[in-house]
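S.K.: My structure is in coords37.cif, and what it holds is mmCIF, C-alpha atoms:
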```
data_start
#
loop_
_atom_site.label_atom_id
_atom_site.label_comp_id
_atom_site.auth_asym_id
_atom_site.auth_seq_id
_atom_site.Cartn_x
_atom_site.Cartn_y
_atom_site.Cartn_z
CA MET A 1 -3.42 -13.21 -8.81
CA ARG A 2 -3.11 -16.76 -10.03
CA HIS A 3 -1.20 -18.18 -12.95
CA ARG A 4 -1.00 -21.16 -15.30
CA SER A 5 1.36 -21.43 -18.24
CA ILE A 6 -0.04 -20.91 -21.73
CA SER A 7 1.37 -19.18 -24.78
CA ALA A 8 -0.34 -16.54 -26.87
CA VAL A 9 0.76 -15.31 -30.29
CA LEU A 10 0.10 -11.59 -30.47
CA ALA A 11 1.10 -8.96 -33.02
CA LEU A 12 2.97 -5.77 -32.14
CA THR A 13 0.95 -2.81 -33.39
CA LEU A 14 -0.19 0.70 -32.58
CA ALA A 15 1.54 3.37 -30.55
CA ALA A 16 0.22 4.61 -27.24
CA GLY A 17 -0.14 7.89 -25.42
CA ALA A 18 -0.12 8.29 -21.66
CA GLY A 19 0.76 10.76 -18.98
CA GLY A 20 -0.32 12.46 -15.81
CA PRO A 21 1.16 14.66 -13.10
CA ALA A 22 2.53 13.05 -9.97
CA HIS A 23 1.25 14.27 -6.59
CA ALA A 24 -1.11 13.25 -3.68
CA ALA A 25 -2.53 9.71 -3.78
CA GLU A 26 -0.75 7.85 -6.58
CA GLU A 27 -3.60 5.68 -7.76
CA ALA A 28 -5.85 8.70 -8.15
CA ARG A 29 -3.02 10.70 -9.76
CA VAL A 30 -2.01 8.10 -12.27
CA HIS A 31 -5.38 6.67 -13.25
CA ASP A 32 -7.90 9.49 -12.79
CA ALA A 33 -8.26 11.40 -16.05
CA ARG A 34 -11.22 13.63 -16.81
CA PRO A 35 -10.88 15.42 -20.14
CA ALA A 36 -13.77 17.79 -20.67
CA ALA A 37 -14.80 16.20 -23.97
CA ALA A 38 -14.89 12.66 -22.59
CA SER A 39 -18.15 11.08 -21.41
CA PRO A 40 -17.26 7.66 -19.97
CA ALA A 41 -20.92 6.87 -19.34
CA ARG A 42 -21.32 6.64 -23.12
CA PHE A 43 -18.24 4.49 -23.66
CA PRO A 44 -18.61 0.72 -24.21
CA ALA A 45 -19.10 -1.10 -20.91
CA THR A 46 -17.28 -4.20 -22.20
CA ILE A 47 -13.94 -4.28 -24.00
CA ARG A 48 -13.10 -7.53 -25.76
CA LEU A 49 -9.49 -8.67 -25.47
CA PRO A 50 -7.72 -11.19 -27.72
CA ASP A 51 -8.76 -14.79 -27.07
CA GLY A 52 -6.31 -16.53 -24.76
CA PHE A 53 -4.89 -13.21 -23.51
CA ARG A 54 -5.39 -13.89 -19.77
CA PRO A 55 -5.50 -10.29 -18.46
CA GLU A 56 -4.46 -9.26 -14.98
CA GLY A 57 -3.16 -5.71 -14.49
CA ILE A 58 -4.59 -2.48 -15.90
CA ALA A 59 -3.49 1.15 -16.03
CA ILE A 60 -5.20 4.20 -17.54
CA GLY A 61 -3.59 7.53 -18.33
CA HIS A 62 -4.90 10.99 -19.24
CA GLY A 63 -5.99 9.97 -22.71
CA PRO A 64 -8.93 7.57 -22.84
CA PHE A 65 -6.67 4.54 -23.28
CA ALA A 66 -6.31 1.49 -21.05
CA PHE A 67 -3.21 -0.70 -20.92
CA VAL A 68 -3.79 -4.32 -19.96
CA GLY A 69 -1.11 -6.94 -19.21
CA SER A 70 -1.18 -10.61 -20.22
CA MET A 71 -0.45 -13.40 -17.78
CA ALA A 72 0.06 -15.68 -20.77
CA ASP A 73 3.19 -14.10 -22.24
CA GLY A 74 3.61 -10.60 -20.79
CA SER A 75 2.25 -8.70 -23.80
CA ILE A 76 0.60 -5.31 -23.29
CA TYR A 77 -2.71 -4.50 -24.97
CA ARG A 78 -3.81 -0.91 -25.55
CA ALA A 79 -7.57 -0.27 -25.75
CA ASP A 80 -9.40 2.92 -26.70
CA LEU A 81 -12.07 3.36 -24.04
CA ARG A 82 -14.20 5.40 -26.44
CA THR A 83 -14.60 2.61 -28.98
CA GLY A 84 -13.50 -0.57 -27.20
CA ARG A 85 -11.04 -1.30 -30.00
CA GLY A 86 -7.35 -1.91 -29.49
CA ALA A 87 -4.26 -3.96 -30.26
CA VAL A 88 -1.04 -5.15 -28.70
CA VAL A 89 1.48 -2.35 -28.22
CA SER A 90 4.31 -4.44 -26.75
CA ARG A 91 5.08 -8.11 -27.30
CA GLY A 92 5.84 -9.93 -24.06
CA PRO A 93 9.01 -11.82 -23.12
CA GLY A 94 7.14 -15.09 -22.53
CA THR A 95 6.69 -14.52 -18.78
CA PRO A 96 3.66 -12.83 -17.18
CA ALA A 97 2.77 -9.16 -17.02
CA LEU A 98 0.83 -8.57 -13.80
CA GLY A 99 0.55 -5.23 -11.99
CA LEU A 100 0.88 -2.10 -14.15
CA ALA A 101 1.44 1.56 -13.33
CA LEU A 102 1.77 4.65 -15.54
CA ASP A 103 3.80 7.71 -14.61
CA GLY A 104 3.63 11.29 -15.82
CA ARG A 105 6.52 10.73 -18.25
CA GLY A 106 4.65 8.23 -20.37
CA ARG A 107 6.39 5.21 -18.83
CA LEU A 108 4.59 1.97 -18.07
CA PHE A 109 5.95 -0.07 -15.13
CA VAL A 110 5.25 -3.81 -15.40
CA ALA A 111 5.51 -6.49 -12.68
CA GLY A 112 6.82 -9.78 -14.08
CA GLY A 113 5.12 -12.41 -11.91
CA THR A 114 6.93 -15.76 -11.99
CA GLY A 115 9.60 -14.17 -14.18
CA GLY A 116 10.94 -12.55 -11.00
CA ASP A 117 11.51 -9.26 -12.77
CA ALA A 118 10.09 -5.85 -13.59
CA ARG A 119 10.41 -3.77 -16.70
CA VAL A 120 9.63 -0.23 -17.78
CA LEU A 121 8.17 0.47 -21.23
CA ASP A 122 7.66 3.57 -23.31
CA ALA A 123 3.87 3.57 -23.35
CA ARG A 124 3.79 5.27 -26.75
CA THR A 125 5.99 2.81 -28.61
CA GLY A 126 6.13 -0.28 -26.39
CA ARG A 127 9.95 -0.05 -26.34
CA VAL A 128 11.63 -1.50 -23.24
CA LEU A 129 13.40 1.33 -21.41
CA ALA A 130 14.77 -0.73 -18.51
CA SER A 131 14.62 -4.24 -17.06
CA TYR A 132 15.26 -5.27 -13.46
CA ARG A 133 16.08 -8.69 -12.05
CA LEU A 134 14.28 -8.70 -8.68
CA ALA A 135 14.56 -12.35 -7.61
CA THR A 136 16.74 -15.27 -8.64
CA GLY A 137 14.66 -18.05 -7.06
CA PRO A 138 10.93 -18.73 -6.94
CA ALA A 139 9.01 -15.47 -7.05
CA PHE A 140 5.63 -13.96 -7.87
CA VAL A 141 6.30 -10.28 -8.54
CA ASN A 142 2.77 -9.04 -8.32
CA ASP A 143 1.71 -5.41 -8.14
CA ILE A 144 3.15 -1.87 -8.35
CA VAL A 145 2.42 1.56 -6.95
CA LEU A 146 4.23 4.76 -7.86
CA THR A 147 5.12 7.43 -5.31
CA PRO A 148 6.84 10.76 -6.04
CA ASP A 149 10.29 9.20 -5.51
CA ALA A 150 9.95 5.45 -6.13
CA ALA A 151 8.09 2.49 -7.56
CA TRP A 152 7.13 -0.09 -4.91
CA ILE A 153 6.49 -3.69 -5.97
CA THR A 154 5.05 -6.66 -4.04
CA ASP A 155 6.11 -10.30 -4.16
CA SER A 156 3.42 -12.79 -3.15
CA THR A 157 5.89 -15.56 -2.28
CA ALA A 158 8.73 -13.64 -0.56
CA PRO A 159 8.32 -11.23 2.41
CA VAL A 160 9.90 -8.25 0.68
CA LEU A 161 9.01 -5.13 -1.23
CA TYR A 162 11.14 -4.15 -4.19
CA ARG A 163 11.87 -0.46 -4.54
CA LEU A 164 12.93 1.35 -7.69
CA PRO A 165 14.20 4.79 -6.61
CA LEU A 166 13.21 7.51 -9.08
CA ARG A 167 15.43 10.43 -8.15
CA GLY A 168 14.52 13.31 -10.41
CA GLY A 169 12.41 10.86 -12.39
CA ARG A 170 15.49 8.97 -13.59
CA LEU A 171 15.26 5.20 -13.81
CA PRO A 172 17.75 3.46 -11.51
CA ARG A 173 20.36 0.90 -12.47
CA ALA A 174 19.09 -1.64 -9.94
CA ALA A 175 16.21 -2.28 -7.56
CA GLN A 176 16.43 -2.24 -3.78
CA ARG A 177 15.14 -5.15 -1.71
CA ILE A 178 13.22 -4.07 1.43
CA PRO A 179 12.53 -6.97 3.87
CA LEU A 180 9.09 -6.90 5.50
CA THR A 181 9.02 -7.03 9.31
CA GLY A 182 6.35 -6.64 11.96
CA ASP A 183 2.73 -7.79 11.74
CA LEU A 184 2.70 -9.14 8.17
CA VAL A 185 3.73 -12.80 8.34
CA TYR A 186 3.84 -14.91 5.18
CA GLY A 187 2.13 -18.30 5.02
CA ASP A 188 1.09 -20.81 2.40
CA GLY A 189 -0.55 -19.47 -0.75
CA PHE A 190 -0.61 -15.91 -2.05
CA ASN A 191 0.53 -13.32 0.45
CA ALA A 192 1.22 -9.63 -0.31
CA ASN A 193 -0.72 -8.74 -3.43
CA GLY A 194 -2.25 -5.34 -4.23
CA ILE A 195 -0.48 -2.17 -3.13
CA THR A 196 -1.34 1.53 -2.95
CA ARG A 197 -0.32 4.59 -0.94
CA THR A 198 -1.65 5.60 2.45
CA PRO A 199 -3.85 8.72 2.48
CA ASP A 200 -1.09 10.71 4.21
CA GLY A 201 1.46 9.62 1.62
CA ARG A 202 3.94 8.46 4.26
CA GLY A 203 3.67 4.74 3.62
CA VAL A 204 1.96 2.12 1.48
CA LEU A 205 -0.91 -0.28 2.04
CA VAL A 206 -0.64 -3.96 1.10
CA VAL A 207 -3.40 -6.58 1.11
CA GLN A 208 -2.56 -10.19 2.02
CA SER A 209 -4.75 -12.40 -0.18
CA ASN A 210 -4.61 -15.63 1.83
CA THR A 211 -5.51 -14.06 5.18
CA GLY A 212 -7.59 -11.05 4.15
CA GLY A 213 -5.42 -8.75 6.22
CA LEU A 214 -4.56 -5.18 5.23
CA PHE A 215 -1.21 -3.75 6.33
CA ARG A 216 0.42 -0.35 6.46
CA VAL A 217 4.08 -0.53 5.45
CA ASP A 218 6.64 2.13 6.36
CA PRO A 219 9.49 2.92 3.94
CA SER A 220 11.76 0.85 6.20
CA GLY A 221 9.61 -2.26 5.58
CA ARG A 222 8.05 -2.28 9.05
CA THR A 223 4.43 -3.48 8.77
CA ARG A 224 1.42 -2.77 10.97
CA ARG A 225 -1.95 -4.46 10.66
CA VAL A 226 -4.74 -2.04 9.71
CA ASP A 227 -7.67 -2.27 12.11
CA LEU A 228 -10.63 -3.28 9.94
CA HIS A 229 -12.97 -3.73 12.92
CA GLY A 230 -13.50 -7.44 12.36
CA GLU A 231 -13.76 -7.27 8.55
CA SER A 232 -11.57 -9.24 6.14
CA LEU A 233 -10.37 -8.63 2.58
CA ARG A 234 -10.09 -12.33 1.76
CA GLU A 235 -9.03 -12.93 -1.86
CA GLY A 236 -7.87 -9.31 -1.91
CA ASP A 237 -6.17 -8.32 -5.14
CA GLY A 238 -5.87 -4.87 -6.74
CA LEU A 239 -6.12 -1.76 -4.54
CA LEU A 240 -7.09 1.78 -5.58
CA LEU A 241 -7.00 4.86 -3.33
CA ARG A 242 -8.97 8.06 -3.88
CA GLY A 243 -8.60 10.51 -1.03
CA ARG A 244 -9.39 8.43 2.06
CA THR A 245 -11.59 5.94 0.18
CA LEU A 246 -9.93 2.61 -0.59
CA TYR A 247 -11.31 0.22 -3.21
CA ALA A 248 -10.18 -3.40 -2.92
CA VAL A 249 -10.93 -6.09 -5.51
CA GLN A 250 -11.82 -9.43 -3.91
CA ASN A 251 -11.25 -11.50 -7.00
CA ARG A 252 -12.90 -14.90 -6.45
CA LEU A 253 -15.67 -13.24 -4.47
CA ASN A 254 -16.50 -11.15 -7.57
CA ALA A 255 -16.71 -8.05 -5.41
CA ILE A 256 -15.19 -4.64 -4.75
CA ALA A 257 -14.91 -3.71 -1.10
CA VAL A 258 -15.23 0.03 -0.41
CA LEU A 259 -13.44 1.19 2.73
CA ARG A 260 -13.14 4.49 4.54
CA LEU A 261 -9.66 4.98 6.04
CA ASN A 262 -8.17 7.34 8.57
CA GLU A 263 -5.45 9.70 7.34
CA ALA A 264 -2.57 7.49 8.44
CA GLY A 265 -4.08 4.35 6.93
CA THR A 266 -3.94 2.51 10.25
CA GLU A 267 -7.71 2.06 10.62
CA GLY A 268 -10.53 1.50 8.16
CA ARG A 269 -14.12 0.36 7.89
CA VAL A 270 -15.78 -1.49 5.03
CA VAL A 271 -18.78 0.68 4.16
CA ARG A 272 -20.14 -1.57 1.41
CA ARG A 273 -19.33 -4.23 -1.16
CA VAL A 274 -20.24 -3.85 -4.81
CA ARG A 275 -21.06 -6.80 -7.05
CA HIS A 276 -22.04 -6.78 -10.70
CA PRO A 277 -23.46 -10.23 -11.57
CA GLY A 278 -23.06 -10.89 -15.26
CA ALA A 279 -20.19 -8.41 -15.55
CA PHE A 280 -17.63 -9.73 -13.06
CA ASP A 281 -15.87 -13.03 -13.81
CA VAL A 282 -13.09 -13.04 -11.20
CA PRO A 283 -11.78 -9.51 -11.76
CA ALA A 284 -8.20 -8.92 -10.63
CA THR A 285 -7.31 -5.23 -10.62
CA MET A 286 -8.88 -1.89 -11.48
CA ALA A 287 -8.24 1.59 -12.78
CA VAL A 288 -10.49 4.64 -12.82
CA PHE A 289 -11.41 6.92 -15.69
CA GLY A 290 -13.95 9.64 -14.98
CA SER A 291 -17.06 8.09 -13.46
CA ARG A 292 -16.11 4.46 -14.11
CA LEU A 293 -13.93 1.73 -12.76
CA TYR A 294 -12.42 -0.60 -15.36
CA LEU A 295 -11.57 -4.16 -14.31
CA PRO A 296 -9.98 -7.00 -16.30
CA ASN A 297 -11.85 -10.27 -15.85
CA ALA A 298 -8.97 -12.64 -15.11
CA ARG A 299 -11.30 -15.69 -14.98
CA PHE A 300 -9.00 -17.55 -12.57
CA ASP A 301 -11.65 -20.27 -12.16
CA THR A 302 -11.81 -20.97 -15.92
CA GLU A 303 -9.26 -23.30 -17.52
CA PRO A 304 -7.30 -21.09 -19.95
CA THR A 305 -6.97 -22.14 -23.57
CA PRO A 306 -5.86 -20.23 -26.68
CA SER A 307 -9.54 -19.72 -27.54
CA THR A 308 -10.79 -18.66 -24.08
CA PRO A 309 -12.46 -15.21 -24.35
CA TYR A 310 -11.46 -12.38 -22.00
CA THR A 311 -12.82 -8.91 -21.35
CA VAL A 312 -12.36 -5.68 -19.45
CA VAL A 313 -15.59 -4.33 -17.93
CA GLY A 314 -16.48 -0.78 -16.98
CA VAL A 315 -18.79 -0.21 -14.00
CA PRO A 316 -19.96 2.94 -12.23
CA LEU A 317 -17.52 4.26 -9.64
CA PRO A 318 -19.03 3.28 -6.25
#
```
What would the structure in this file look like if it were written as structure tokens?

M.R.:
Amino acid sequence: MRHRSISAVLALTLAAGAGGPAHAAEEARVHDARPAAASPARFPATIRLPDGFRPEGIAIGHGPFAFVGSMADGSIYRADLRTGRGAVVSRGPGTPALGLALDGRGRLFVAGGTGGDARVLDARTGRVLASYRLATGPAFVNDIVLTPDAAWITDSTAPVLYRLPLRGGRLPRAAQRIPLTGDLVYGDGFNANGITRTPDGRGVLVVQSNTGGLFRVDPSGRTRRVDLHGESLREGDGLLLRGRTLYAVQNRLNAIAVLRLNEAGTEGRVVRRVRHPGAFDVPATMAVFGSRLYLPNARFDTEPTPSTPYTVVGVPLP
């Protein structure tokens, strides 16, 4: 995830619906929705976003609606996957909205990038339910995964994970700061980026963008390098887990790496990479709905202006 400052004037409209039970692999739980009447293969393959929006994170709930965050000002756009139409459901605070995650209570968790914060929105109304100050100095609060008892958030410039405990589903008063130790060592550039759960549900997986390494992280913060058998996830961004299959966006490579993991998430092999020339323009993250992956084209290599066009693209699930 990259960022440059630019403002976008967006209107607050529409209400949103979301939801989904929490259990097993969180990315599959939160994003995988398969209503019997829906036929994603017939949905538009390209969703146009407002000019200048600068999308990054995406989340999809049980209804055929995608929520997309703006790096420009933190606004949240809601799109109907059936028609491709949508509007802004929550006006941003002027700082980025990066990683997004939906829970089964209709709450949208938003990572605040250089704002050093996170917030939780009512996905139906866009109302802010809670805000959390995660860092007081330089920060790049990047991506989020939900587990049955917490939200885990990466910071690409500080070797920590932020944890929001969700006891009984209640939002906490403050976040916990979990220092990262072990194999994951921060260097120059973007470090910990995308995050998802391990197949066994006992830890999380984090990709380090600048090195291409993948790491298993215990709840204590202890990290262990995942054996990728000589492969690298360079430019790794959003992660999505389904069973023991891990999908990893490699943004500037315009590719999705498909990996097969062991149950503990300590070993994995890249089985293929998927590219869609003409569709991908530096995608950042992804969410699944039925038989498709949906990816915002962040266009990190294009100078952003208020008139720069942006899209979300839907491609067949590899």

S.K.: Could you tell me how far CA of Ala264 in chain A sits from CA of Arg202 in chain A, in Å to one decimal place?

M.R.: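 These atoms are spaced 7.8 Å apart.
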
S.K.: Between CA of Leu228 in chain A and CA of Asp149 in chain A, what is the spacing in Å?

M.R.: 28.8 Å

S.K.: Under the rule that only C-alpha atoms are counted, which of A:Gly74, A:Pro318, A:Thr311, A:Val274 is the nearest residue to Pro50 in chain A?

M.R.: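 Once distances to Pro50 in chain A are computed over only C-alpha atoms, the minimum belongs to A:Thr311.
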
S.K.: List every residue of range 194-248 of chain A that has an atom at most 12 Å from any atom of range 100-119 of chain A, giving for each one its closest atom pair and the distance in Å to one decimal, counting only C-alpha atoms, sorted by chain and then by ascending residue number, as JSON lines.

M.R.:
```
{"residue": "A:Gly194", "atom": "CA", "partner": "A:Leu100", "partner_atom": "CA", "distance": 10.9}
{"residue": "A:Ile195", "atom": "CA", "partner": "A:Ala101", "partner_atom": "CA", "distance": 11.0}
{"residue": "A:Thr196", "atom": "CA", "partner": "A:Ala101", "partner_atom": "CA", "distance": 10.7}
{"residue": "A:Gly238", "atom": "CA", "partner": "A:Leu100", "partner_atom": "CA", "distance": 10.4}
{"residue": "A:Leu239", "atom": "CA", "partner": "A:Leu100", "partner_atom": "CA", "distance": 11.9}
{"residue": "A:Leu240", "atom": "CA", "partner": "A:Ala101", "partner_atom": "CA", "distance": 11.5}
```

S.K.: If you measure from CA of Arg234 in chain A to CA of Arg48 in chain A, what distance in Å do you get, rounded to one decimal?

M.R.: 28.1 Å

S.K.: Pick the closest to Gly212 in chain A from A:Val271, A:Leu184, A:Ile178, A:Leu295: which is it, counting all atoms listed in the file?

M.R.: A:Leu184

S.K.: Can you list, as a list in words, every protein, DNA or RNA residue that comes within 7 Å of range 64-67 of chain A when you count all atoms listed in the file, leaving out same-chain residues fewer than 5 positions away?

M.R.: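 Near neighbours after the sequence-gap exclusion: Ile58, Ala59, Ile76, Tyr77, Arg78, Ala79, Asp80, Leu81 and Arg82 of chain A.
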
S.K.: Which residue is closest to Val270 in chain A? Choose from A:Ala298, A:Val68, A:Leu233, A:Ala150 and count all atoms listed in the file.

M.R.: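 Under the stated criterion, the closest residue is A:Leu233.
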